[in-house]
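S.K.: Sharing upload05.pdb below, PDB, C-alpha atoms:
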ATOM      1  CA  ASN C   1     -24.203   3.458   2.679
ATOM      2  CA  ASP C   2     -23.875   7.243   2.306
ATOM      3  CA  ARG C   3     -23.914   7.786  -1.424
ATOM      4  CA  THR C   4     -24.109  11.581  -1.183
ATOM      5  CA  THR C   5     -20.856  11.818   0.765
ATOM      6  CA  PHE C   6     -19.218   9.220  -1.443
ATOM      7  CA  GLU C   7     -20.060  11.235  -4.543
ATOM      8  CA  ARG C   8     -18.678  14.408  -2.946
ATOM      9  CA  LEU C   9     -15.414  12.605  -2.105
ATOM     10  CA  TRP C  10     -15.148  11.111  -5.566
ATOM     11  CA  GLY C  11     -15.928  14.439  -7.219
ATOM     12  CA  TRP C  12     -13.198  16.187  -5.220
ATOM     13  CA  THR C  13     -10.746  13.415  -6.038
ATOM     14  CA  ARG C  14     -11.480  13.574  -9.761
ATOM     15  CA  ALA C  15     -11.106  17.344  -9.816
ATOM     16  CA  ASN C  16      -7.988  17.668  -7.670
ATOM     17  CA  LEU C  17      -5.943  14.449  -7.752
ATOM     18  CA  MET C  18      -6.678  12.984 -11.179
ATOM     19  CA  VAL C  19      -4.399  15.508 -12.879
ATOM     20  CA  ARG C  20      -1.948  13.101 -14.517
ATOM     21  CA  SER C  21      -2.005  12.139 -18.173
ATOM     22  CA  ASP C  22      -3.228   8.627 -17.269
ATOM     23  CA  GLU C  23      -5.939   7.207 -14.983
ATOM     24  CA  LEU C  24      -3.835   7.234 -11.801
ATOM     25  CA  LEU C  25      -3.857   9.796  -9.009
ATOM     26  CA  ALA C  26      -1.259  12.296  -7.882
ATOM     27  CA  TRP C  27      -0.049  11.038  -4.534
ATOM     28  CA  ARG C  28       0.151  14.214  -2.449
ATOM     29  CA  TRP C  29      -2.171  17.131  -1.778
ATOM     30  CA  GLU C  30      -0.741  20.099   0.161
ATOM     31  CA  PRO C  31      -3.611  22.516   0.826
ATOM     32  CA  GLY C  32      -1.392  25.340   2.045
ATOM     33  CA  LYS C  33       0.624  25.498  -1.151
ATOM     34  CA  ARG C  34      -0.032  26.600  -4.718
ATOM     35  CA  PRO C  35      -0.088  24.457  -6.670
ATOM     36  CA  ALA C  36      -1.445  22.040  -4.074
ATOM     37  CA  VAL C  37      -0.159  19.155  -6.246
ATOM     38  CA  ALA C  38       3.536  19.765  -6.846
ATOM     39  CA  ASP C  39       4.521  16.144  -7.596
ATOM     40  CA  LEU C  40       2.563  14.298 -10.273
ATOM     41  CA  ASN C  41       3.908  10.876  -9.306
ATOM     42  CA  ASP C  42       1.321   8.410  -8.057
ATOM     43  CA  ALA C  43       1.275   6.075  -5.055
ATOM     44  CA  SER C  44       0.110   2.600  -5.972
ATOM     45  CA  ASP C  45      -1.529   1.894  -2.614
ATOM     46  CA  GLY C  46      -3.629   5.036  -2.966
ATOM     47  CA  ASP C  47      -4.577   4.060  -6.508
ATOM     48  CA  ILE C  48      -5.583   0.600  -5.295
ATOM     49  CA  LEU C  49      -7.649   1.957  -2.406
ATOM     50  CA  VAL C  50      -9.561   4.290  -4.735
ATOM     51  CA  ALA C  51     -10.161   1.543  -7.301
ATOM     52  CA  TRP C  52     -11.363  -0.772  -4.521
ATOM     53  CA  ALA C  53     -13.682   1.893  -3.070
ATOM     54  CA  LEU C  54     -15.195   2.493  -6.502
ATOM     55  CA  THR C  55     -15.621  -1.257  -7.002
ATOM     56  CA  GLU C  56     -17.543  -1.555  -3.738
ATOM     57  CA  ALA C  57     -19.649   1.493  -4.608
ATOM     58  CA  ALA C  58     -20.469   0.037  -8.023
ATOM     59  CA  GLU C  59     -21.541  -3.221  -6.414
ATOM     60  CA  ALA C  60     -23.526  -1.543  -3.634
ATOM     61  CA  TRP C  61     -25.437   0.901  -5.842
ATOM     62  CA  ASP C  62     -25.231  -0.806  -9.249
ATOM     63  CA  GLU C  63     -23.625   2.317 -10.669
ATOM     64  CA  ALA C  64     -21.956   1.802 -14.047
ATOM     65  CA  SER C  65     -19.876   4.993 -13.879
ATOM     66  CA  TYR C  66     -18.189   3.825 -10.685
ATOM     67  CA  ARG C  67     -17.474   0.457 -12.263
ATOM     68  CA  VAL C  68     -15.914   2.065 -15.331
ATOM     69  CA  ALA C  69     -13.756   4.369 -13.206
ATOM     70  CA  ALA C  70     -12.647   1.493 -10.974
ATOM     71  CA  ARG C  71     -11.659  -0.536 -14.003
ATOM     72  CA  ARG C  72      -9.681   2.286 -15.573
ATOM     73  CA  ILE C  73      -7.626   2.796 -12.410
ATOM     74  CA  ALA C  74      -7.149  -0.930 -11.743
ATOM     75  CA  VAL C  75      -5.966  -1.586 -15.298
ATOM     76  CA  GLU C  76      -3.450   1.261 -15.097
ATOM     77  CA  VAL C  77      -2.154  -0.030 -11.752
ATOM     78  CA  ALA C  78      -1.693  -3.498 -13.197
ATOM     79  CA  ARG C  79      -0.027  -2.290 -16.378
ATOM     80  CA  LYS C  80       2.237   0.371 -14.887
ATOM     81  CA  THR C  81       3.113  -0.616 -11.310
ATOM     82  CA  ILE C  82       2.914  -4.430 -11.108
ATOM     83  CA  LEU C  83       5.743  -6.669 -12.293
ATOM     84  CA  PHE C  84       3.941  -9.975 -12.749
ATOM     85  CA  LYS C  85       7.006 -11.979 -13.786
ATOM     86  CA  ASP C  86       9.626 -10.974 -11.218
ATOM     87  CA  LYS C  87      11.755 -13.693  -9.619
ATOM     88  CA  ASN C  88      10.008 -12.937  -6.316
ATOM     89  CA  GLY C  89       6.551 -13.335  -7.813
ATOM     90  CA  ALA C  90       4.243 -10.459  -8.672
ATOM     91  CA  LEU C  91       5.754  -7.203  -7.404
ATOM     92  CA  LEU C  92       3.855  -4.014  -6.666
ATOM     93  CA  LEU C  93       6.098  -1.016  -7.216
ATOM     94  CA  PRO C  94       5.240   1.940  -4.942
ATOM     95  CA  ALA C  95       4.742   4.263  -7.912
ATOM     96  CA  VAL C  96       5.074   4.487 -11.669
ATOM     97  CA  SER C  97       8.344   6.385 -11.298
ATOM     98  CA  GLY C  98      11.354   6.101  -9.025
ATOM     99  CA  PHE C  99      11.467   2.540  -7.694
ATOM    100  CA  SER C 100      12.377   0.126 -10.513
ATOM    101  CA  ALA C 101      15.674  -1.659 -11.085
ATOM    102  CA  ALA C 102      16.341   0.718 -13.949
ATOM    103  CA  GLU C 103      15.900   3.750 -11.723
ATOM    104  CA  ARG C 104      17.716   2.695  -8.539
ATOM    105  CA  ALA C 105      20.967   0.855  -7.956
ATOM    106  CA  ASP C 106      19.263  -1.223  -5.252
ATOM    107  CA  GLY C 107      15.999  -1.572  -7.173
ATOM    108  CA  PRO C 108      13.403  -2.769  -7.424
ATOM    109  CA  LEU C 109      12.204  -1.225  -4.158
ATOM    110  CA  ILE C 110       8.981  -2.234  -2.462
ATOM    111  CA  ASN C 111       6.916  -1.165   0.523
ATOM    112  CA  LEU C 112       4.985  -4.121   1.929
ATOM    113  CA  ALA C 113       2.375  -1.776   3.402
ATOM    114  CA  TYR C 114       1.228  -1.114  -0.173
ATOM    115  CA  TRP C 115      -0.037  -4.710  -0.489
ATOM    116  CA  VAL C 116      -3.721  -3.952   0.212
ATOM    117  CA  PHE C 117      -4.720  -7.603   0.576
ATOM    118  CA  PRO C 118      -8.514  -7.142   0.884
ATOM    119  CA  ALA C 119      -8.554  -5.171  -2.355
ATOM    120  CA  PHE C 120      -6.909  -7.986  -4.292
ATOM    121  CA  ALA C 121      -9.929 -10.198  -3.644
ATOM    122  CA  ARG C 122     -12.283  -7.581  -5.091
ATOM    123  CA  LEU C 123     -10.488  -5.985  -8.023
ATOM    124  CA  PRO C 124     -11.106  -9.053 -10.241
ATOM    125  CA  ILE C 125     -14.706  -7.816 -10.378
ATOM    126  CA  VAL C 126     -13.591  -4.901 -12.573
ATOM    127  CA  ALA C 127     -10.289  -6.135 -14.033
ATOM    128  CA  PRO C 128     -10.469  -9.937 -14.208
ATOM    129  CA  GLU C 129      -7.744 -10.269 -16.837
ATOM    130  CA  PHE C 130      -5.020  -9.599 -14.249
ATOM    131  CA  ASP C 131      -3.750 -12.097 -11.664
ATOM    132  CA  TRP C 132      -4.506 -10.212  -8.436
ATOM    133  CA  ALA C 133      -4.207 -13.425  -6.427
ATOM    134  CA  ALA C 134      -0.542 -13.538  -7.415
ATOM    135  CA  LEU C 135      -0.040 -10.335  -5.426
ATOM    136  CA  THR C 136      -1.531 -11.940  -2.327
ATOM    137  CA  ALA C 137       0.827 -14.904  -2.682
ATOM    138  CA  SER C 138       3.890 -12.765  -3.312
ATOM    139  CA  GLY C 139       3.059 -10.376  -0.482
ATOM    140  CA  LEU C 140       2.782 -13.139   2.090
ATOM    141  CA  ASN C 141       5.999 -14.705   0.811
ATOM    142  CA  LEU C 142       7.878 -11.409   1.039
ATOM    143  CA  ILE C 143       6.519 -10.655   4.507
ATOM    144  CA  ARG C 144       7.855 -14.022   5.684
ATOM    145  CA  ARG C 145      11.266 -13.271   4.178
ATOM    146  CA  SER C 146      11.490  -9.682   5.412
ATOM    147  CA  ARG C 147      12.155 -10.347   9.086
ATOM    148  CA  PHE C 148      15.048  -8.056   9.883
ATOM    149  CA  GLY C 149      17.112  -7.851  13.062
ATOM    150  CA  THR C 150      16.290  -9.182  16.508
ATOM    151  CA  ALA C 151      12.690  -7.946  16.370
ATOM    152  CA  LYS C 152      12.065  -9.832  13.099
ATOM    153  CA  LEU C 153      10.178  -6.877  11.632
ATOM    154  CA  PRO C 154      10.060  -5.553   8.060
ATOM    155  CA  THR C 155      11.382  -2.112   7.268
ATOM    156  CA  GLU C 156       9.322   0.515   5.493
ATOM    157  CA  TRP C 157      11.415   0.354   2.314
ATOM    158  CA  ILE C 158      12.915  -2.908   1.066
ATOM    159  CA  SER C 159      15.400  -3.676  -1.703
ATOM    160  CA  LEU C 160      14.846  -6.795  -3.802
ATOM    161  CA  LYS C 161      18.009  -6.466  -5.843
ATOM    162  CA  GLY C 162      19.745  -9.481  -4.276
ATOM    163  CA  GLU C 163      18.649 -13.012  -3.579
ATOM    164  CA  GLU C 164      16.918 -12.017  -0.346
ATOM    165  CA  PRO C 165      15.066  -8.870   0.732
ATOM    166  CA  ARG C 166      17.082  -6.297   2.676
ATOM    167  CA  PRO C 167      16.530  -2.771   3.997
ATOM    168  CA  ALA C 168      16.748  -0.303   1.119
ATOM    169  CA  ASP C 169      19.649   2.099   0.707
ATOM    170  CA  GLY C 170      19.137   5.703   1.728
ATOM    171  CA  PHE C 171      16.237   5.000   4.083
ATOM    172  CA  PRO C 172      16.514   4.477   7.849
ATOM    173  CA  PRO C 173      15.870   0.774   8.608
ATOM    174  CA  LEU C 174      12.712   1.489  10.543
ATOM    175  CA  PHE C 175       9.463  -0.307  11.252
ATOM    176  CA  SER C 176       7.193   2.728  11.385
ATOM    177  CA  TYR C 177       3.915   4.312  10.282
ATOM    178  CA  ASN C 178       3.825   2.562   6.895
ATOM    179  CA  ALA C 179       4.608  -0.938   8.103
ATOM    180  CA  ILE C 180       1.969  -1.023  10.835
ATOM    181  CA  ARG C 181      -0.544  -1.445   8.001
ATOM    182  CA  ILE C 182       0.924  -4.821   6.999
ATOM    183  CA  PRO C 183      -0.848  -6.898   9.673
ATOM    184  CA  LEU C 184      -3.932  -4.687   9.353
ATOM    185  CA  TYR C 185      -4.367  -5.565   5.691
ATOM    186  CA  MET C 186      -3.549  -9.226   6.365
ATOM    187  CA  ALA C 187      -6.176  -9.477   9.092
ATOM    188  CA  TRP C 188      -8.723  -7.490   7.058
ATOM    189  CA  ALA C 189      -8.380 -10.005   4.219
ATOM    190  CA  ASP C 190      -8.081 -13.001   6.561
ATOM    191  CA  VAL C 191      -4.857 -14.202   4.937
ATOM    192  CA  GLY C 192      -1.653 -15.625   6.327
ATOM    193  CA  ARG C 193      -0.739 -18.009   9.101
ATOM    194  CA  GLN C 194      -0.612 -17.396  12.837
ATOM    195  CA  GLU C 195       3.170 -17.183  12.747
ATOM    196  CA  ASP C 196       2.960 -14.407  10.146
ATOM    197  CA  TYR C 197       1.356 -12.187  12.781
ATOM    198  CA  ALA C 198       3.667 -13.196  15.641
ATOM    199  CA  PRO C 199       6.292 -10.390  15.397
ATOM    200  CA  PHE C 200       3.590  -7.726  15.296
ATOM    201  CA  VAL C 201       1.680  -9.275  18.199
ATOM    202  CA  ALA C 202       4.879  -9.472  20.229
ATOM    203  CA  LEU C 203       5.668  -5.818  19.518
ATOM    204  CA  TRP C 204       2.221  -4.582  20.535
ATOM    205  CA  SER C 205       1.576  -6.843  23.534
ATOM    206  CA  GLY C 206       3.418  -4.696  26.061
ATOM    207  CA  PRO C 207       1.838  -2.529  28.757
ATOM    208  CA  ASP C 208       2.052   0.684  26.716
ATOM    209  CA  ARG C 209      -0.807   0.364  24.233
ATOM    210  CA  GLU C 210      -1.704   4.029  23.930
ATOM    211  CA  ARG C 211       1.164   4.623  21.511
ATOM    212  CA  LEU C 212       3.034   2.459  19.019
ATOM    213  CA  PRO C 213       6.823   2.122  18.844
ATOM    214  CA  ILE C 214       8.936   3.047  15.843
ATOM    215  CA  VAL C 215      11.602   0.351  15.846
ATOM    216  CA  ASP C 216      15.126   0.436  14.431
ATOM    217  CA  THR C 217      15.278  -3.055  12.958
ATOM    218  CA  SER C 218      19.086  -3.088  12.996
ATOM    219  CA  ASP C 219      19.176  -3.380  16.793
ATOM    220  CA  GLY C 220      15.536  -3.691  17.890
ATOM    221  CA  ARG C 221      15.501  -0.369  19.769
ATOM    222  CA  THR C 222      12.456   1.859  20.007
ATOM    223  CA  VAL C 223      13.681   5.170  18.601
ATOM    224  CA  GLU C 224      10.415   7.114  18.637
ATOM    225  CA  TRP C 225       6.701   6.690  19.281
ATOM    226  CA  LEU C 226       3.612   7.082  17.141
ATOM    227  CA  GLY C 227       1.700   8.964  19.778
ATOM    228  CA  GLU C 228      -1.405   9.962  17.829
ATOM    229  CA  SER C 229      -4.398   7.951  18.987
ATOM    230  CA  GLY C 230      -5.352   6.947  15.443
ATOM    231  CA  TYR C 231      -2.327   4.698  15.107
ATOM    232  CA  ALA C 232      -3.184   2.699  18.195
TER
END
Rewrite the coordinates I just gave you, this time as structure tokens.

M.R.:
Amino acid sequence: NDRTTFERLWGWTRANLMVRSDELLAWRWEPGKRPAVADLNDASDGDILVAWALTEAAEAWDEASYRVAARRIAVEVARKTILFKDKNGALLLPAVSGFSAAERADGPLINLAYWVFPAFARLPIVAPEFDWAALTASGLNLIRRSRFGTAKLPTEWISLKGEEPRPADGFPPLFSYNAIRIPLYMAWADVGRQEDYAPFVALWSGPDRERLPIVDTSDGRTVEWLGESGYA
């Protein structure tokens, strides 16, 4: 409930990340470089998080400008990054550019950590003409089908070119800092079944809870650790 800080954050974001020719945000800010935004591609999870934050702010403070901004971003996300009629259900591409079937031999590529489930329940407030619930259904379905290797964990980057999901080409088949958000967003939105959480619970139920393992899904080995306390 800190509107002053929220407005500062939103003002910075508008000035520094909303530099594309549409309503989406540049995905990466590098403060030590000039220009600080070298890549104008977006990241759909970031776009969704900003649209969701603006939706909540509009509801909390009855602020029309936040509602308008949330709608503009949400509509662009739906039009430019969601494939509503894919064979796998509604697909959220990770960005406007670089991940479609037309752009990659193993495309379309997805990252299941980009399915921000709690946002999908709220974005209909500002963009009701789009089927956000279809993303919740498709995300849960894909999570259930993306159980790779002995650990039964999803990789960060997944190819949907074939009949079943598989680890994407050119990326190590790791469960890492992206994929740990999958059960977080599921739990936050209170979606899924108990068995959907089981592989994550099994992975994180060991004695070492101060750091999280990066797992090679091809053989189930821990290849590295996420040692920063924020991950845990």

S.K.: Counting only C-alpha atoms, which residue out of C:Pro31, C:Gly162, C:Pro172, C:Gly220 sits closest to C:Asn88?

M.R.: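 Among C:Pro31, C:Gly162, C:Pro172, C:Gly220, it is C:Gly162 that comes nearest to C:Asn88.
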
S.K.: Can you spell out as JSON, numbers by chain the set of residues that the PyMOL selection byres ((chain C and resi 200-215) around 12) selects in the structure I just provided?

M.R.: {"C": [143, 147, 148, 149, 150, 151, 152, 153, 154, 155, 156, 172, 173, 174, 175, 176, 177, 178, 179, 180, 181, 182, 183, 184, 186, 187, 194, 195, 196, 197, 198, 199, 216, 217, 218, 219, 220, 221, 222, 223, 224, 225, 226, 227, 228, 229, 230, 231, 232]}

S.K.: In Å to one decimal, how far is atom CA of C:Leu49 from atom CA of C:Glu129?

M.R.: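 We find that atom CA of C:Glu129 and atom CA of C:Leu49 lie 18.9 Å from each other.
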
S.K.: Record the distance separating atom CA of C:Pro124 and atom CA of C:Trp61, expressed in Å with one decimal.

M.R.: 18.0 Å

S.K.: Within 9 Å of C:Gly89, counting only C-alpha atoms, which residues show up once you throw out same-chain ones fewer than 2 positions away? Write them as a list in words, please.

M.R.: Leu83, Phe84, Lys85, Asp86, Lys87, Leu91, Ala134, Leu135, Ala137, Ser138, Gly139 and Asn141 of chain C

S.K.: Starting from the shown file, work through the PyMOL selection byres ((chain C and resi 44) around 10) and note down what comes out as a ChimeraX atom specification.

M.R.: /C:24-27,41-43,45-50,74,76-78,80-82,92-96,114-116

S.K.: Residues at most 12 Å from C:Pro35, counting only C-alpha atoms, excluding those fewer than 5 positions away in the same chain, as number ranges by chain?

M.R.: C: 16-17, 19, 28-30, 40

S.K.: Between atom CA of C:Val126 and atom CA of C:Trp157, measure the distance and give it in Å to one decimal.

M.R.: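 Value for the atom CA of C:Val126-atom CA of C:Trp157 distance: 29.6 Å.
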
S.K.: So which one's closest to C:Asp22, C:Ala57, C:Arg67, C:Thr4, C:Val75? Using all atoms listed in the file, please.

M.R.: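 For C:Asp22, the nearest of the given residues is C:Val75.
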
S.K.: Just want the 6 Å neighbourhood of C:Pro165, counted on only C-alpha atoms, with same-chain residues fewer than 2 positions away dropped. Output as a PyMOL selection string.

M.R.: chain C and resi 146+159-160

S.K.: Within 9 Å of C:Gly107, counting all atoms listed in the file, which residues show up once you throw out same-chain ones fewer than 6 positions away? Write them as a list of chain:residue names, please.

M.R.: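 Residues near the query, excluding close chain neighbours: C:Phe99, C:Ser100, C:Ala101, C:Ile158, C:Ser159, C:Leu160, C:Lys161, C:Ala168.
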
S.K.: On this structure, which residues satisfy the PyMOL selection byres ((chain C and resi 56) around 12), written as a ChimeraX atom specification?

M.R.: /C:1,3,6,49-55,57-64,66-67,69-71,118-119,121-126

S.K.: Could you check which of C:Gly192, C:Asp169, C:Arg34, C:Glu23 is closest to C:Arg104, using all atoms listed in the file?

M.R.: C:Asp169

S.K.: Please put the answer as AutoDock Vina command-line options: centre and edge lengths, in Å with one decimal, of a box along x, y and z that encloses all listed atoms of stretch 82-96 of chain C plus 4 Å on each side.

M.R.:
--center_x 7.3 --center_y -4.6 --center_z -9.4 --size_x 16.8 --size_y 26.2 --size_z 16.8

S.K.: Can you take the partial stretch 125-144 of chain C, add N, CA, C and O atoms, and return it as an mmCIF file, in the frame of the given file?

M.R.:
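Contents of the output file result_9.cif:
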data_model
loop_
_atom_site.group_PDB
_atom_site.id
_atom_site.type_symbol
_atom_site.label_atom_id
_atom_site.label_comp_id
_atom_site.auth_asym_id
_atom_site.auth_seq_id
_atom_site.Cartn_x
_atom_site.Cartn_y
_atom_site.Cartn_z
ATOM 1 N N ILE C 125 -13.356 -8.167 -9.930
ATOM 2 C CA ILE C 125 -14.706 -7.816 -10.378
ATOM 3 C C ILE C 125 -14.638 -6.855 -11.557
ATOM 4 O O ILE C 125 -15.424 -6.952 -12.506
ATOM 5 N N VAL C 126 -13.664 -5.928 -11.527
ATOM 6 C CA VAL C 126 -13.591 -4.901 -12.573
ATOM 7 C C VAL C 126 -12.442 -5.125 -13.556
ATOM 8 O O VAL C 126 -12.480 -4.611 -14.680
ATOM 9 N N ALA C 127 -11.433 -5.882 -13.142
ATOM 10 C CA ALA C 127 -10.289 -6.135 -14.033
ATOM 11 C C ALA C 127 -9.869 -7.596 -13.922
ATOM 12 O O ALA C 127 -8.789 -7.922 -13.424
ATOM 13 N N PRO C 128 -10.719 -8.510 -14.408
ATOM 14 C CA PRO C 128 -10.469 -9.937 -14.208
ATOM 15 C C PRO C 128 -9.316 -10.491 -15.021
ATOM 16 O O PRO C 128 -8.876 -11.623 -14.770
ATOM 17 N N GLU C 129 -8.820 -9.736 -15.988
ATOM 18 C CA GLU C 129 -7.744 -10.269 -16.837
ATOM 19 C C GLU C 129 -6.387 -10.264 -16.150
ATOM 20 O O GLU C 129 -5.421 -10.828 -16.679
ATOM 21 N N PHE C 130 -6.292 -9.657 -14.966
ATOM 22 C CA PHE C 130 -5.020 -9.599 -14.249
ATOM 23 C C PHE C 130 -5.035 -10.548 -13.047
ATOM 24 O O PHE C 130 -6.078 -10.757 -12.423
ATOM 25 N N ASP C 131 -3.866 -11.090 -12.723
ATOM 26 C CA ASP C 131 -3.750 -12.097 -11.664
ATOM 27 C C ASP C 131 -3.530 -11.417 -10.314
ATOM 28 O O ASP C 131 -2.419 -11.371 -9.784
ATOM 29 N N TRP C 132 -4.608 -10.889 -9.729
ATOM 30 C CA TRP C 132 -4.506 -10.212 -8.436
ATOM 31 C C TRP C 132 -4.142 -11.178 -7.322
ATOM 32 O O TRP C 132 -3.474 -10.799 -6.351
ATOM 33 N N ALA C 133 -4.554 -12.433 -7.453
ATOM 34 C CA ALA C 133 -4.207 -13.425 -6.427
ATOM 35 C C ALA C 133 -2.703 -13.630 -6.331
ATOM 36 O O ALA C 133 -2.186 -13.979 -5.264
ATOM 37 N N ALA C 134 -1.999 -13.412 -7.443
ATOM 38 C CA ALA C 134 -0.542 -13.538 -7.415
ATOM 39 C C ALA C 134 0.085 -12.512 -6.485
ATOM 40 O O ALA C 134 1.137 -12.766 -5.880
ATOM 41 N N LEU C 135 -0.545 -11.344 -6.358
ATOM 42 C CA LEU C 135 -0.040 -10.335 -5.426
ATOM 43 C C LEU C 135 -0.228 -10.782 -3.980
ATOM 44 O O LEU C 135 0.637 -10.537 -3.133
ATOM 45 N N THR C 136 -1.345 -11.416 -3.679
ATOM 46 C CA THR C 136 -1.531 -11.940 -2.327
ATOM 47 C C THR C 136 -0.458 -12.961 -1.997
ATOM 48 O O THR C 136 0.160 -12.912 -0.926
ATOM 49 N N ALA C 137 -0.192 -13.872 -2.914
ATOM 50 C CA ALA C 137 0.827 -14.904 -2.682
ATOM 51 C C ALA C 137 2.209 -14.292 -2.523
ATOM 52 O O ALA C 137 2.966 -14.659 -1.601
ATOM 53 N N SER C 138 2.560 -13.360 -3.384
ATOM 54 C CA SER C 138 3.890 -12.765 -3.312
ATOM 55 C C SER C 138 4.040 -11.914 -2.056
ATOM 56 O O SER C 138 5.105 -11.895 -1.422
ATOM 57 N N GLY C 139 2.989 -11.205 -1.676
ATOM 58 C CA GLY C 139 3.059 -10.376 -0.482
ATOM 59 C C GLY C 139 3.305 -11.190 0.765
ATOM 60 O O GLY C 139 4.171 -10.853 1.591
ATOM 61 N N LEU C 140 2.574 -12.278 0.922
ATOM 62 C CA LEU C 140 2.782 -13.139 2.090
ATOM 63 C C LEU C 140 4.178 -13.735 2.084
ATOM 64 O O LEU C 140 4.847 -13.806 3.122
ATOM 65 N N ASN C 141 4.647 -14.151 0.920
ATOM 66 C CA ASN C 141 5.999 -14.705 0.811
ATOM 67 C C ASN C 141 7.054 -13.680 1.209
ATOM 68 O O ASN C 141 7.997 -13.986 1.956
ATOM 69 N N LEU C 142 6.889 -12.454 0.742
ATOM 70 C CA LEU C 142 7.878 -11.409 1.039
ATOM 71 C C LEU C 142 7.819 -10.985 2.497
ATOM 72 O O LEU C 142 8.861 -10.671 3.101
ATOM 73 N N ILE C 143 6.636 -10.971 3.081
ATOM 74 C CA ILE C 143 6.519 -10.655 4.507
ATOM 75 C C ILE C 143 7.274 -11.690 5.330
ATOM 76 O O ILE C 143 7.991 -11.352 6.285
ATOM 77 N N ARG C 144 7.157 -12.958 4.960
ATOM 78 C CA ARG C 144 7.855 -14.022 5.684
ATOM 79 C C ARG C 144 9.366 -13.928 5.536
ATOM 80 O O ARG C 144 10.107 -14.349 6.419
#
